[in-house]
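Visitor: Sharing data28.cif, mmCIF, C-alpha atoms:
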```cif
data_target
loop_
_atom_site.label_atom_id
_atom_site.label_comp_id
_atom_site.auth_asym_id
_atom_site.auth_seq_id
_atom_site.Cartn_x
_atom_site.Cartn_y
_atom_site.Cartn_z
CA MET A 24 -21.03 1.71 -20.97
CA ARG A 25 -21.32 5.44 -21.58
CA VAL A 26 -20.33 7.36 -18.45
CA ALA A 27 -20.54 11.10 -17.79
CA ILE A 28 -18.63 12.61 -14.87
CA VAL A 29 -20.02 15.84 -13.42
CA THR A 30 -17.50 17.61 -11.23
CA SER A 31 -15.80 20.89 -10.47
CA GLN A 32 -12.09 20.56 -11.08
CA ARG A 33 -11.64 23.54 -8.76
CA VAL A 34 -12.47 21.21 -5.87
CA VAL A 35 -9.25 19.41 -4.93
CA ASN A 36 -11.12 16.28 -3.86
CA SER A 37 -12.27 15.75 -7.45
CA VAL A 38 -8.77 14.35 -8.03
CA TYR A 39 -9.71 11.46 -5.75
CA ARG A 40 -13.47 11.11 -6.32
CA ALA A 41 -14.35 12.04 -9.90
CA LEU A 42 -11.34 12.22 -12.19
CA PRO A 43 -10.36 8.59 -11.45
CA LEU A 44 -13.33 7.52 -13.54
CA LEU A 45 -11.48 8.78 -16.60
CA GLU A 46 -9.26 5.71 -16.13
CA LEU A 47 -12.21 3.56 -17.20
CA ARG A 48 -11.32 4.52 -20.76
CA ARG A 49 -8.50 2.01 -20.46
CA SER A 50 -11.04 -0.79 -20.29
CA GLY A 51 -12.95 0.49 -23.32
CA GLU A 52 -15.68 2.49 -21.59
CA GLN A 53 -16.86 5.75 -23.16
CA VAL A 54 -16.23 8.42 -20.53
CA HIS A 55 -17.05 12.12 -20.82
CA LEU A 56 -15.98 14.83 -18.35
CA ASP A 57 -18.64 17.48 -17.76
CA ALA A 58 -16.55 20.13 -16.01
CA GLU A 59 -18.61 22.41 -13.77
CA GLY A 60 -21.83 20.58 -14.77
CA ALA A 61 -22.49 22.71 -17.82
CA ALA A 62 -23.73 19.85 -20.01
CA MET A 63 -25.85 18.33 -17.26
CA THR A 64 -27.76 21.49 -16.42
CA ALA A 65 -28.25 22.16 -20.13
CA GLY A 66 -29.86 18.74 -20.54
CA ARG A 67 -27.20 17.31 -22.83
CA LEU A 68 -26.41 14.06 -20.97
CA ARG A 69 -29.50 12.03 -21.81
CA ASP A 70 -27.61 9.74 -24.18
CA PHE A 71 -25.40 8.40 -21.39
CA ASP A 72 -26.04 5.19 -19.49
CA VAL A 73 -24.92 6.62 -16.17
CA VAL A 74 -24.03 10.05 -14.81
CA HIS A 75 -21.64 10.28 -11.85
CA VAL A 76 -22.16 13.51 -9.88
CA PHE A 77 -19.47 14.53 -7.42
CA ARG A 78 -20.72 16.57 -4.45
CA TYR A 79 -23.10 18.93 -6.31
CA HIS A 80 -26.47 19.03 -4.56
CA GLU A 81 -27.87 22.50 -5.25
CA ARG A 82 -31.40 23.09 -6.59
CA GLU A 83 -30.36 23.36 -10.24
CA THR A 84 -28.37 20.14 -9.97
CA ARG A 85 -31.26 18.29 -8.33
CA ARG A 86 -33.63 19.47 -11.05
CA ALA A 87 -31.24 18.25 -13.76
CA VAL A 88 -30.70 14.92 -11.99
CA ARG A 89 -34.45 14.37 -11.71
CA ALA A 90 -34.87 15.00 -15.44
CA LEU A 91 -32.04 12.62 -16.30
CA ARG A 92 -33.46 9.94 -14.06
CA GLU A 93 -36.91 10.26 -15.61
CA ALA A 94 -35.25 9.88 -19.02
CA GLY A 95 -33.87 6.51 -17.88
CA VAL A 96 -30.32 7.61 -17.10
CA ALA A 97 -28.71 6.01 -14.06
CA ILE A 98 -27.45 8.40 -11.38
CA VAL A 99 -24.49 7.87 -9.04
CA TRP A 100 -23.90 10.60 -6.46
CA ASP A 101 -20.58 10.75 -4.66
CA ASN A 102 -19.31 12.69 -1.66
CA ASP A 103 -16.30 12.17 0.59
CA ASP A 104 -16.80 14.66 3.44
CA ASP A 105 -19.38 15.14 6.17
CA LEU A 106 -21.14 18.25 4.83
CA SER A 107 -23.94 18.44 7.36
CA SER A 108 -23.94 19.69 10.96
CA PRO A 109 -27.29 19.86 12.78
CA ASN A 110 -26.79 23.09 14.74
CA GLU A 111 -26.88 25.85 12.12
CA LEU A 112 -29.65 26.99 9.79
CA ARG A 113 -27.35 26.79 6.81
CA SER A 114 -26.41 23.25 7.75
CA GLN A 115 -30.07 22.33 8.12
CA GLN A 116 -30.68 23.62 4.60
CA THR A 117 -27.68 21.65 3.36
CA HIS A 118 -29.02 18.56 5.10
CA ALA A 119 -32.38 18.88 3.32
CA GLN A 120 -30.62 19.24 -0.03
CA LEU A 121 -28.43 16.22 0.68
CA VAL A 122 -31.42 14.09 1.64
CA GLU A 123 -33.19 14.91 -1.60
CA MET A 124 -30.08 14.18 -3.66
CA LEU A 125 -29.51 10.89 -1.85
CA GLN A 126 -33.05 9.83 -2.66
CA LEU A 127 -32.70 10.83 -6.31
CA ALA A 128 -29.54 8.77 -6.85
CA HIS A 129 -29.78 5.11 -7.79
CA VAL A 130 -26.46 4.51 -6.02
CA VAL A 131 -24.38 6.63 -3.67
CA THR A 132 -20.62 6.22 -3.32
CA THR A 133 -18.41 7.52 -0.54
CA THR A 134 -15.07 6.90 1.14
CA SER A 135 -16.03 5.64 4.58
CA PRO A 136 -18.42 3.20 6.26
CA VAL A 137 -19.43 6.06 8.57
CA LEU A 138 -20.74 8.18 5.71
CA ALA A 139 -22.23 5.18 3.92
CA GLN A 140 -24.31 4.31 6.98
CA GLN A 141 -25.32 7.94 7.45
CA TYR A 142 -26.50 8.15 3.85
CA ARG A 143 -28.52 4.95 4.16
CA GLU A 144 -30.25 6.38 7.21
CA TRP A 145 -31.04 9.53 5.26
CA GLY A 146 -32.71 7.61 2.45
CA ALA A 147 -30.06 6.41 0.00
CA ALA A 148 -31.30 3.25 -1.72
CA GLU A 149 -27.76 1.90 -1.85
CA ALA A 150 -24.52 3.35 -0.48
CA HIS A 151 -21.21 1.79 -1.53
CA VAL A 152 -17.80 2.44 0.02
CA VAL A 153 -15.11 3.14 -2.58
CA GLU A 154 -11.76 4.11 -1.12
CA ASN A 155 -9.51 6.79 -2.53
CA TYR A 156 -6.71 5.31 -4.60
CA LEU A 157 -3.49 6.73 -6.05
CA PRO A 158 -3.24 7.58 -9.76
CA ASP A 159 -0.18 6.63 -11.78
CA TYR A 160 1.00 10.22 -11.89
CA TYR A 161 1.32 10.27 -8.11
CA ALA A 162 5.00 9.35 -8.36
CA ALA A 163 8.39 11.04 -8.19
CA GLU A 164 12.02 10.28 -7.45
CA ARG A 165 12.81 10.79 -3.79
CA PRO A 166 15.54 13.41 -3.35
CA PRO A 167 18.84 12.23 -1.86
CA ARG A 168 18.71 12.00 1.92
CA GLY A 169 20.65 14.78 3.62
CA GLY A 170 22.04 14.87 7.12
CA GLY A 171 18.84 16.10 8.75
CA ILE A 172 15.39 14.65 9.33
CA VAL A 173 12.26 16.24 7.86
CA VAL A 174 8.92 15.80 9.62
CA GLY A 175 6.11 16.74 7.27
CA TRP A 176 2.35 17.24 7.36
CA THR A 177 0.11 17.79 4.34
CA ALA A 178 -2.94 19.37 5.90
CA ALA A 179 -5.64 21.69 4.57
CA GLY A 180 -7.09 24.46 6.72
CA GLU A 181 -9.74 22.08 8.06
CA HIS A 182 -7.00 20.63 10.28
CA ALA A 183 -6.59 23.83 12.32
CA TYR A 184 -8.84 22.31 14.97
CA ASP A 185 -6.67 19.19 15.12
CA LEU A 186 -3.53 21.29 15.45
CA GLU A 187 -4.89 23.04 18.52
CA GLN A 188 -6.93 20.22 20.08
CA LEU A 189 -4.06 17.74 20.04
CA GLY A 190 -1.34 20.24 20.94
CA ILE A 191 0.68 19.39 17.84
CA ARG A 192 2.43 22.77 17.71
CA ALA A 193 3.82 22.35 21.22
CA THR A 194 4.81 18.76 20.44
CA LEU A 195 6.77 19.85 17.39
CA GLU A 196 8.39 22.70 19.30
CA ARG A 197 9.65 20.22 21.88
CA LEU A 198 10.87 17.89 19.14
CA LEU A 199 12.82 20.71 17.49
CA ALA A 200 14.34 21.73 20.81
CA ALA A 201 15.51 18.17 21.52
CA HIS A 202 16.78 17.41 18.00
CA PRO A 203 18.85 20.05 16.19
CA GLU A 204 18.88 17.82 13.09
CA VAL A 205 15.08 17.95 12.68
CA ARG A 206 13.17 20.34 10.43
CA VAL A 207 9.41 20.59 10.00
CA VAL A 208 7.48 21.34 6.81
CA SER A 209 3.76 21.67 6.19
CA ALA A 210 1.51 22.34 3.22
CA GLY A 211 -1.91 23.95 3.48
CA LEU A 212 -1.85 24.64 7.22
CA GLN A 213 0.41 27.19 8.93
CA LEU A 214 1.81 25.60 12.09
CA GLY A 215 3.34 28.75 13.58
CA LEU A 216 6.77 27.26 14.26
CA PRO A 217 10.09 29.16 14.27
CA PRO A 218 10.94 29.95 10.63
CA ASP A 219 14.62 29.00 10.89
CA ARG A 220 13.66 25.32 11.05
CA TYR A 221 10.17 25.31 9.63
CA THR A 222 8.92 25.77 6.08
CA TYR A 223 5.29 26.46 5.22
CA THR A 224 3.91 26.07 1.70
CA GLU A 225 0.44 27.46 1.18
CA VAL A 226 -0.54 25.38 -1.87
CA VAL A 227 0.94 22.28 -3.46
CA GLN A 228 -0.79 21.22 -6.67
CA TYR A 229 -1.63 17.54 -6.79
CA GLN A 230 0.72 16.99 -9.72
CA GLU A 231 3.57 18.13 -7.46
CA LEU A 232 2.40 16.46 -4.25
CA ALA A 233 4.44 13.26 -4.63
CA ARG A 234 7.64 15.23 -5.10
CA TYR A 235 6.79 17.35 -2.05
CA VAL A 236 5.97 14.35 0.16
CA GLY A 237 9.04 12.51 -1.07
CA ALA A 238 11.24 14.96 0.82
CA PHE A 239 9.78 13.84 4.18
CA ASP A 240 11.51 11.40 6.51
CA VAL A 241 8.40 11.11 8.71
CA GLY A 242 4.83 12.04 7.79
CA ILE A 243 2.16 12.82 10.35
CA ALA A 244 -1.63 12.59 10.20
CA PRO A 245 -3.07 13.74 13.54
CA ILE A 246 -6.85 14.12 13.76
CA ALA A 247 -9.11 14.81 16.72
CA ASP A 248 -11.92 12.39 17.52
CA ILE A 249 -14.87 14.35 16.08
CA PRO A 250 -17.61 13.27 13.60
CA PHE A 251 -16.07 15.15 10.66
CA ASN A 252 -12.75 13.34 11.08
CA ARG A 253 -14.30 9.92 11.66
CA ALA A 254 -15.81 10.20 8.17
CA LYS A 255 -12.56 11.09 6.39
CA SER A 256 -10.49 9.06 3.95
CA ASN A 257 -7.18 7.31 4.67
CA VAL A 258 -5.56 8.55 1.45
CA LYS A 259 -3.04 10.78 3.26
CA VAL A 260 -1.15 7.81 4.70
CA LYS A 261 -1.35 6.06 1.33
CA GLU A 262 0.38 9.08 -0.18
CA TYR A 263 3.05 8.99 2.51
CA ALA A 264 3.61 5.25 2.15
CA ALA A 265 3.77 5.34 -1.64
CA MET A 266 6.66 7.79 -1.42
CA GLY A 267 8.54 5.69 1.12
CA VAL A 268 7.66 7.89 4.07
CA PRO A 269 6.94 6.17 7.42
CA TRP A 270 3.93 7.77 9.07
CA LEU A 271 2.25 8.41 12.42
CA ALA A 272 -1.53 8.83 12.55
CA SER A 273 -4.35 9.08 15.05
CA PRO A 274 -6.07 5.74 15.82
CA ILE A 275 -9.58 6.79 14.79
CA GLY A 276 -11.82 6.91 11.76
CA PRO A 277 -9.94 6.33 8.51
CA TYR A 278 -6.72 5.19 10.18
CA ALA A 279 -8.17 2.72 12.68
CA GLY A 280 -6.87 -0.76 11.90
CA LEU A 281 -3.80 0.45 10.02
CA GLY A 282 -0.29 0.11 11.39
CA GLU A 283 3.17 -1.23 10.74
CA LYS A 284 2.05 -3.51 7.93
CA GLN A 285 0.97 -0.33 6.10
CA GLY A 286 4.16 1.53 6.91
CA GLY A 287 3.28 3.47 10.04
CA ARG A 288 2.08 3.53 13.63
CA LEU A 289 -1.06 4.72 15.38
CA VAL A 290 -0.65 7.35 18.07
CA PRO A 291 -3.10 8.02 20.93
CA ASP A 292 -3.65 11.69 21.73
CA ASP A 293 -1.29 11.65 24.72
CA ARG A 294 1.56 9.86 22.92
CA TRP A 295 2.54 12.25 20.12
CA ASP A 296 5.68 13.46 21.88
CA ALA A 297 6.85 9.95 22.68
CA GLU A 298 6.08 8.40 19.29
CA LEU A 299 7.67 11.21 17.30
CA GLU A 300 10.76 11.00 19.50
CA ARG A 301 10.83 7.25 19.04
CA LEU A 302 10.57 7.31 15.25
CA VAL A 303 12.90 10.27 14.69
CA SER A 304 15.57 8.57 16.80
CA ASP A 305 15.35 5.15 15.12
CA GLU A 306 16.59 5.10 11.53
CA ARG A 307 16.41 1.32 11.34
CA THR A 308 12.70 1.35 12.17
CA ARG A 309 12.10 4.07 9.61
CA ARG A 310 13.74 1.93 6.93
CA ARG A 311 11.63 -1.07 7.90
CA LEU A 312 8.40 0.92 7.81
CA THR A 313 9.41 2.45 4.48
CA LYS A 314 9.63 -1.00 2.88
CA ARG A 315 6.35 -2.18 4.37
CA GLY A 316 4.53 0.99 3.38
CA ALA A 317 5.77 0.87 -0.20
CA LYS A 318 4.58 -2.73 -0.53
CA TRP A 319 1.13 -1.83 0.80
CA ALA A 320 0.83 1.29 -1.32
CA SER A 321 1.62 -0.64 -4.50
CA GLY A 322 -1.76 -2.33 -4.08
CA GLN A 323 -3.48 1.02 -3.53
CA ARG A 324 -2.94 2.23 -7.07
CA LEU A 325 -5.99 3.22 -9.06
CA ARG A 326 -5.14 0.97 -12.00
CA ARG A 327 -5.32 -2.06 -9.69
CA ASN A 328 -8.69 -1.04 -8.24
CA LEU A 329 -10.74 0.16 -11.20
CA GLY A 330 -13.29 -2.52 -10.50
CA ALA A 331 -14.18 -0.78 -7.24
CA TRP A 332 -15.29 2.25 -9.26
CA GLU A 333 -16.89 0.36 -12.13
CA ALA A 334 -19.10 -1.89 -9.96
CA PRO A 335 -21.37 0.86 -8.52
CA LEU A 336 -21.75 2.42 -11.97
CA ARG A 337 -22.96 -0.88 -13.41
CA ARG A 338 -25.19 -1.44 -10.39
CA ALA A 339 -26.82 1.96 -10.94
CA VAL A 340 -27.45 1.12 -14.60
CA ALA A 341 -29.11 -2.13 -13.57
CA LEU A 342 -31.30 -0.34 -11.03
CA ALA A 343 -32.25 2.37 -13.52
CA GLY A 344 -33.53 -0.29 -15.89
CA ALA A 345 -35.51 -2.05 -13.18
CA ARG A 346 -37.32 0.83 -11.50
CA GLU A 347 -40.15 3.13 -12.34
CA PRO A 348 -39.28 6.85 -12.64
CA ILE A 349 -39.15 8.59 -9.29
CA ALA A 350 -42.43 10.12 -8.14
CA ARG A 351 -42.80 13.88 -8.26
#
```
I'd like the structure from this file rewritten - as structure tokens, please.
Guide:
Amino acid sequence: MRVAIVTSQRVVNSVYRALPLLELRRSGEQVHLDAEGAAMTAGRLRDFDVVHVFRYHERETRRAVRALREAGVAIVWDNDDDLSSPNELRSQQTHAQLVEMLQLAHVVTTTSPVLAQQYREWGAAEAHVVENYLPDYYAAERPPRGGGIVVGWTAAGEHAYDLEQLGIRATLERLLAAHPEVRVVSAGLQLGLPPDRYTYTEVVQYQELARYVGAFDVGIAPIADIPFNRAKSNVKVKEYAAMGVPWLASPIGPYAGLGEKQGGRLVPDDRWDAELERLVSDERTRRRLTKRGAKWASGQRLRRNLGAWEAPLRRAVALAGAREPIAR
């Protein structure tokens, strides 16, 4: 099978949603990376069996996808975030673009059942859930444990709402006041804590993320109960667990149904103080969760789940061969 991947490597999520398809080369597939979509928009992908498009949905992309489809090329469109909100003109325009792209694709892939159902309602012929998995290079030696305890949060700017809505800053301030041995670190989101016991890192490249996370003793993943968050991926706690970091997460959306078997605990909105206190104070529980999380995360490696990516590609090829070209 000849596969072309169209993605922007400037989008961090391409690490999870597009670049994993390069691993299909291990099974003998011919895979080409079309960075920034240059080959697709120039019409140079017609010799491929299937083209996987990550997130692009602009007019030029839709025109190129239509031409590829009419040439008999299968189209898979992938997105992992809720890009559409109904209350703004720009969002309404985005919604219209998304609907057209969903209808052009033979198969749509996404990270969550919430988005998959939404895409079906908007006209996707088929929407498949493919989780985010961890590549082999997400690995590092954990640094030696010191005398203190590090509570860490990897969180992009989109989590600013969660920080305020759930009162996480105040929770962490109280934790620091009660436990002189605790320090807090965060990447991507400034938490506004006292700098003597808090370290903020603006950007951590994915190649360095495992090493960064490996310094945590506890990882947190708080999210407010809003549509955008209910459609997110659970990869953050996979990244914590894979590095032996016990985690605490909100019991909604991507984290619902996870728990101690996966190396962490779910925390209702009003229990963050209590659950952080409980885990920080109990080294034995942290060790137990570390072992459970590492066992779970070993099955969340990309190399063990390539079939989840390959199946929708082959399904799209089958559909492309069975259908008439899309009507103009």
Visitor: So that I can check the surroundings of region 95-98 of chain A, please list as a list in words every protein, DNA and RNA residue that reaches within 7 Å of it, counting all atoms listed in the file and ignoring chain neighbours fewer than 3 positions away.
Guide: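 In the requested format, the answer is Arg69, Phe71, Asp72, Val73, Val74, His75, Leu91, Arg92, Ala128, His129, Val130, Ala339, Val340 and Ala343 of chain A.
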Visitor: The PyMOL selection byres ((chain A and resi 170) around 12) on the file shown: which residues, as a list of chain:residue names?
Guide: A:Pro167, A:Arg168, A:Gly169, A:Gly171, A:Ile172, A:Val173, A:Pro203, A:Glu204, A:Val205, A:Arg206, A:Asp240
Visitor: Could you tell me which of A:Glu59, A:Val54, A:Arg67, A:Ala148 comes closest to Leu342 (chain A) if we count all atoms listed in the file?
Guide: A:Ala148
Visitor: Could you check which of A:Val38, A:Ala201, A:Ala178, A:Leu121 is closest to Tyr156 (chain A), using all atoms listed in the file?
Guide: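 Of the candidates, the smallest distance to Tyr156 (chain A) is held by A:Val38.
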Visitor: For the atom pair CA of Pro274 (chain A) and CA of Asn257 (chain A), what is the interatomic distance in Å to one decimal place?
Guide: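 Between CA of Pro274 (chain A) and CA of Asn257 (chain A) the gap works out to 11.3 Å.
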Visitor: Mind pulling up the distance from CA of Pro158 (chain A) to CA of Asp185 (chain A)?
Guide: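 That distance, rounded to one decimal, is 27.7 Å.
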Visitor: Starting from the point (3.2, 24.0, 1.1), work out which residues of protein, DNA or RNA have an atom no more than 12 Å away when counting all atoms listed in the file; state them as a list of chain:residue names.
Guide: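 Residues satisfying the cut-off, written out: A:Gly175, A:Trp176, A:Thr177, A:Ala178, A:Ala179, A:Gly180, A:Val207, A:Val208, A:Ser209, A:Ala210, A:Gly211, A:Leu212, A:Gln213, A:Leu214, A:Tyr221, A:Thr222, A:Tyr223, A:Thr224, A:Glu225, A:Val226, A:Val227, A:Gln228, A:Tyr229, A:Glu231, A:Leu232, A:Arg234, A:Tyr235, A:Val236.
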Visitor: Go ahead and save the residues from that selection, with C-alpha atoms, as a PDB file, in the frame of the given file.
Guide:
```
ATOM      1  CA  GLY A 175       6.110  16.740   7.270  1.00  0.00           C
ATOM      2  CA  TRP A 176       2.350  17.240   7.360  1.00  0.00           C
ATOM      3  CA  THR A 177       0.110  17.790   4.340  1.00  0.00           C
ATOM      4  CA  ALA A 178      -2.940  19.370   5.900  1.00  0.00           C
ATOM      5  CA  ALA A 179      -5.640  21.690   4.570  1.00  0.00           C
ATOM      6  CA  GLY A 180      -7.090  24.460   6.720  1.00  0.00           C
ATOM      7  CA  VAL A 207       9.410  20.590  10.000  1.00  0.00           C
ATOM      8  CA  VAL A 208       7.480  21.340   6.810  1.00  0.00           C
ATOM      9  CA  SER A 209       3.760  21.670   6.190  1.00  0.00           C
ATOM     10  CA  ALA A 210       1.510  22.340   3.220  1.00  0.00           C
ATOM     11  CA  GLY A 211      -1.910  23.950   3.480  1.00  0.00           C
ATOM     12  CA  LEU A 212      -1.850  24.640   7.220  1.00  0.00           C
ATOM     13  CA  GLN A 213       0.410  27.190   8.930  1.00  0.00           C
ATOM     14  CA  LEU A 214       1.810  25.600  12.090  1.00  0.00           C
ATOM     15  CA  TYR A 221      10.170  25.310   9.630  1.00  0.00           C
ATOM     16  CA  THR A 222       8.920  25.770   6.080  1.00  0.00           C
ATOM     17  CA  TYR A 223       5.290  26.460   5.220  1.00  0.00           C
ATOM     18  CA  THR A 224       3.910  26.070   1.700  1.00  0.00           C
ATOM     19  CA  GLU A 225       0.440  27.460   1.180  1.00  0.00           C
ATOM     20  CA  VAL A 226      -0.540  25.380  -1.870  1.00  0.00           C
ATOM     21  CA  VAL A 227       0.940  22.280  -3.460  1.00  0.00           C
ATOM     22  CA  GLN A 228      -0.790  21.220  -6.670  1.00  0.00           C
ATOM     23  CA  TYR A 229      -1.630  17.540  -6.790  1.00  0.00           C
ATOM     24  CA  GLU A 231       3.570  18.130  -7.460  1.00  0.00           C
ATOM     25  CA  LEU A 232       2.400  16.460  -4.250  1.00  0.00           C
ATOM     26  CA  ARG A 234       7.640  15.230  -5.100  1.00  0.00           C
ATOM     27  CA  TYR A 235       6.790  17.350  -2.050  1.00  0.00           C
ATOM     28  CA  VAL A 236       5.970  14.350   0.160  1.00  0.00           C
TER      29      VAL A 236
END
```
Visitor: What's the separation between CA of Arg85 (chain A) and CA of His118 (chain A), in Å to one decimal place?
Guide: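 A separation of 13.6 Å between them.
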Visitor: For region 186-198 of chain A, find every residue with an atom within 9 Å (counting only C-alpha atoms), except residues of its own chain fewer than 6 positions away, and show them as a list of chain:residue names.
Guide: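 So the residues in contact are A:Val205, A:Val207, A:Leu214, A:Gly215, A:Leu216, A:Pro217, A:Pro245, A:Ile246, A:Ala247, A:Asp292, A:Asp293, A:Trp295, A:Asp296, A:Leu299, A:Glu300.
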Visitor: I would like the residues chosen by the PyMOL selection byres ((chain A and resi 324) around 8) on the shown file; could you give them as a tab-separated table (two decimals) with C-alpha atoms, in the frame of the given file?
Guide:
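Contents of part_27.tsv, freshly written:
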```tsv
chain	number	residue	atom	x	y	z
A	156	TYR	CA	-6.71	5.31	-4.60
A	157	LEU	CA	-3.49	6.73	-6.05
A	158	PRO	CA	-3.24	7.58	-9.76
A	159	ASP	CA	-0.18	6.63	-11.78
A	320	ALA	CA	0.83	1.29	-1.32
A	321	SER	CA	1.62	-0.64	-4.50
A	322	GLY	CA	-1.76	-2.33	-4.08
A	323	GLN	CA	-3.48	1.02	-3.53
A	325	LEU	CA	-5.99	3.22	-9.06
A	326	ARG	CA	-5.14	0.97	-12.00
A	327	ARG	CA	-5.32	-2.06	-9.69
A	328	ASN	CA	-8.69	-1.04	-8.24
```
Visitor: Set up a box along x, y and z of the file covering all listed atoms of region 53-66 of chain A, add 6 Å on every one of the six sides, and write the centre and edge lengths in Å to one decimal, as AutoDock Vina command-line options.
Guide:
```
--center_x -22.9 --center_y 14.2 --center_z -18.5 --size_x 25.9 --size_y 29.0 --size_z 21.4
```
Visitor: Within 12 Å of (-9.5, 15.9, -6.5), all atoms listed in the file: residues as a list in words?
Guide: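 Protein and nucleic acid residues near the point are Thr30, Ser31, Gln32, Arg33, Val34, Val35, Asn36, Ser37, Val38, Tyr39, Arg40, Ala41, Leu42, Pro43, Leu44, Phe77, Arg78, Asn102, Asp103, Asn155, Tyr156, Leu157, Pro158, Gln228, Tyr229, Gln230 and Val258 of chain A.
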Visitor: Find the spatial neighbours of Gly282 (chain A), counting all atoms listed in the file, within a cut-off of 10 Å - ignore same-chain residues fewer than 2 positions away - and output them as an NGL selection string.
Guide: :A and (270-272 or 274 or 278-280 or 284-290 or 312 or 315-316)
Visitor: Would you please work out which residue, of A:Thr308, A:Trp319, A:Ser273, A:Ala265, is nearest to Tyr160 (chain A) when using all atoms listed in the file?
Guide: A:Ala265
Visitor: Let me know the residues the PyMOL selection byres ((chain A and resi 80) around 12) catches in the file above, as a PyMOL selection string.
Guide: chain A and resi 29-30+60+76-79+81-89+100-102+106+116-128
Visitor: Can you write just those residues out, C-alpha atoms, as a PDB file, in the frame of the given file?
Guide:
```pdb
ATOM      1  CA  VAL A  29     -20.020  15.840 -13.420  1.00  0.00           C
ATOM      2  CA  THR A  30     -17.500  17.610 -11.230  1.00  0.00           C
ATOM      3  CA  GLY A  60     -21.830  20.580 -14.770  1.00  0.00           C
ATOM      4  CA  VAL A  76     -22.160  13.510  -9.880  1.00  0.00           C
ATOM      5  CA  PHE A  77     -19.470  14.530  -7.420  1.00  0.00           C
ATOM      6  CA  ARG A  78     -20.720  16.570  -4.450  1.00  0.00           C
ATOM      7  CA  TYR A  79     -23.100  18.930  -6.310  1.00  0.00           C
ATOM      8  CA  GLU A  81     -27.870  22.500  -5.250  1.00  0.00           C
ATOM      9  CA  ARG A  82     -31.400  23.090  -6.590  1.00  0.00           C
ATOM     10  CA  GLU A  83     -30.360  23.360 -10.240  1.00  0.00           C
ATOM     11  CA  THR A  84     -28.370  20.140  -9.970  1.00  0.00           C
ATOM     12  CA  ARG A  85     -31.260  18.290  -8.330  1.00  0.00           C
ATOM     13  CA  ARG A  86     -33.630  19.470 -11.050  1.00  0.00           C
ATOM     14  CA  ALA A  87     -31.240  18.250 -13.760  1.00  0.00           C
ATOM     15  CA  VAL A  88     -30.700  14.920 -11.990  1.00  0.00           C
ATOM     16  CA  ARG A  89     -34.450  14.370 -11.710  1.00  0.00           C
ATOM     17  CA  TRP A 100     -23.900  10.600  -6.460  1.00  0.00           C
ATOM     18  CA  ASP A 101     -20.580  10.750  -4.660  1.00  0.00           C
ATOM     19  CA  ASN A 102     -19.310  12.690  -1.660  1.00  0.00           C
ATOM     20  CA  LEU A 106     -21.140  18.250   4.830  1.00  0.00           C
ATOM     21  CA  GLN A 116     -30.680  23.620   4.600  1.00  0.00           C
ATOM     22  CA  THR A 117     -27.680  21.650   3.360  1.00  0.00           C
ATOM     23  CA  HIS A 118     -29.020  18.560   5.100  1.00  0.00           C
ATOM     24  CA  ALA A 119     -32.380  18.880   3.320  1.00  0.00           C
ATOM     25  CA  GLN A 120     -30.620  19.240  -0.030  1.00  0.00           C
ATOM     26  CA  LEU A 121     -28.430  16.220   0.680  1.00  0.00           C
ATOM     27  CA  VAL A 122     -31.420  14.090   1.640  1.00  0.00           C
ATOM     28  CA  GLU A 123     -33.190  14.910  -1.600  1.00  0.00           C
ATOM     29  CA  MET A 124     -30.080  14.180  -3.660  1.00  0.00           C
ATOM     30  CA  LEU A 125     -29.510  10.890  -1.850  1.00  0.00           C
ATOM     31  CA  GLN A 126     -33.050   9.830  -2.660  1.00  0.00           C
ATOM     32  CA  LEU A 127     -32.700  10.830  -6.310  1.00  0.00           C
ATOM     33  CA  ALA A 128     -29.540   8.770  -6.850  1.00  0.00           C
TER      34      ALA A 128
END
```
Visitor: Considering all atoms listed in the file, state which residue in the set A:Met63, A:Val268, A:Met24, A:Ala244 is at the smallest distance from Arg309 (chain A).
Guide: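 The answer is A:Val268, which sits nearest to Arg309 (chain A).
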Visitor: I need the residue nearest Gln141 (chain A) from this list: A:Ala341, A:Val99, A:Thr313, A:Asp105. Use all atoms listed in the file for the distance.
Guide: A:Asp105
Visitor: So that I can check the surroundings of Trp332 (chain A), please list as a PDB file with C-alpha atoms, in the coordinates of the input every protein, DNA and RNA residue that reaches within 9 Å of it, counting only C-alpha atoms and ignoring chain neighbours fewer than 2 positions away.
Guide:
```
ATOM      1  CA  PRO A  43     -10.360   8.590 -11.450  1.00  0.00           C
ATOM      2  CA  LEU A  44     -13.330   7.520 -13.540  1.00  0.00           C
ATOM      3  CA  LEU A  47     -12.210   3.560 -17.200  1.00  0.00           C
ATOM      4  CA  THR A 132     -20.620   6.220  -3.320  1.00  0.00           C
ATOM      5  CA  VAL A 153     -15.110   3.140  -2.580  1.00  0.00           C
ATOM      6  CA  ASN A 328      -8.690  -1.040  -8.240  1.00  0.00           C
ATOM      7  CA  LEU A 329     -10.740   0.160 -11.200  1.00  0.00           C
ATOM      8  CA  GLY A 330     -13.290  -2.520 -10.500  1.00  0.00           C
ATOM      9  CA  ALA A 334     -19.100  -1.890  -9.960  1.00  0.00           C
ATOM     10  CA  PRO A 335     -21.370   0.860  -8.520  1.00  0.00           C
ATOM     11  CA  LEU A 336     -21.750   2.420 -11.970  1.00  0.00           C
TER      12      LEU A 336
END
```
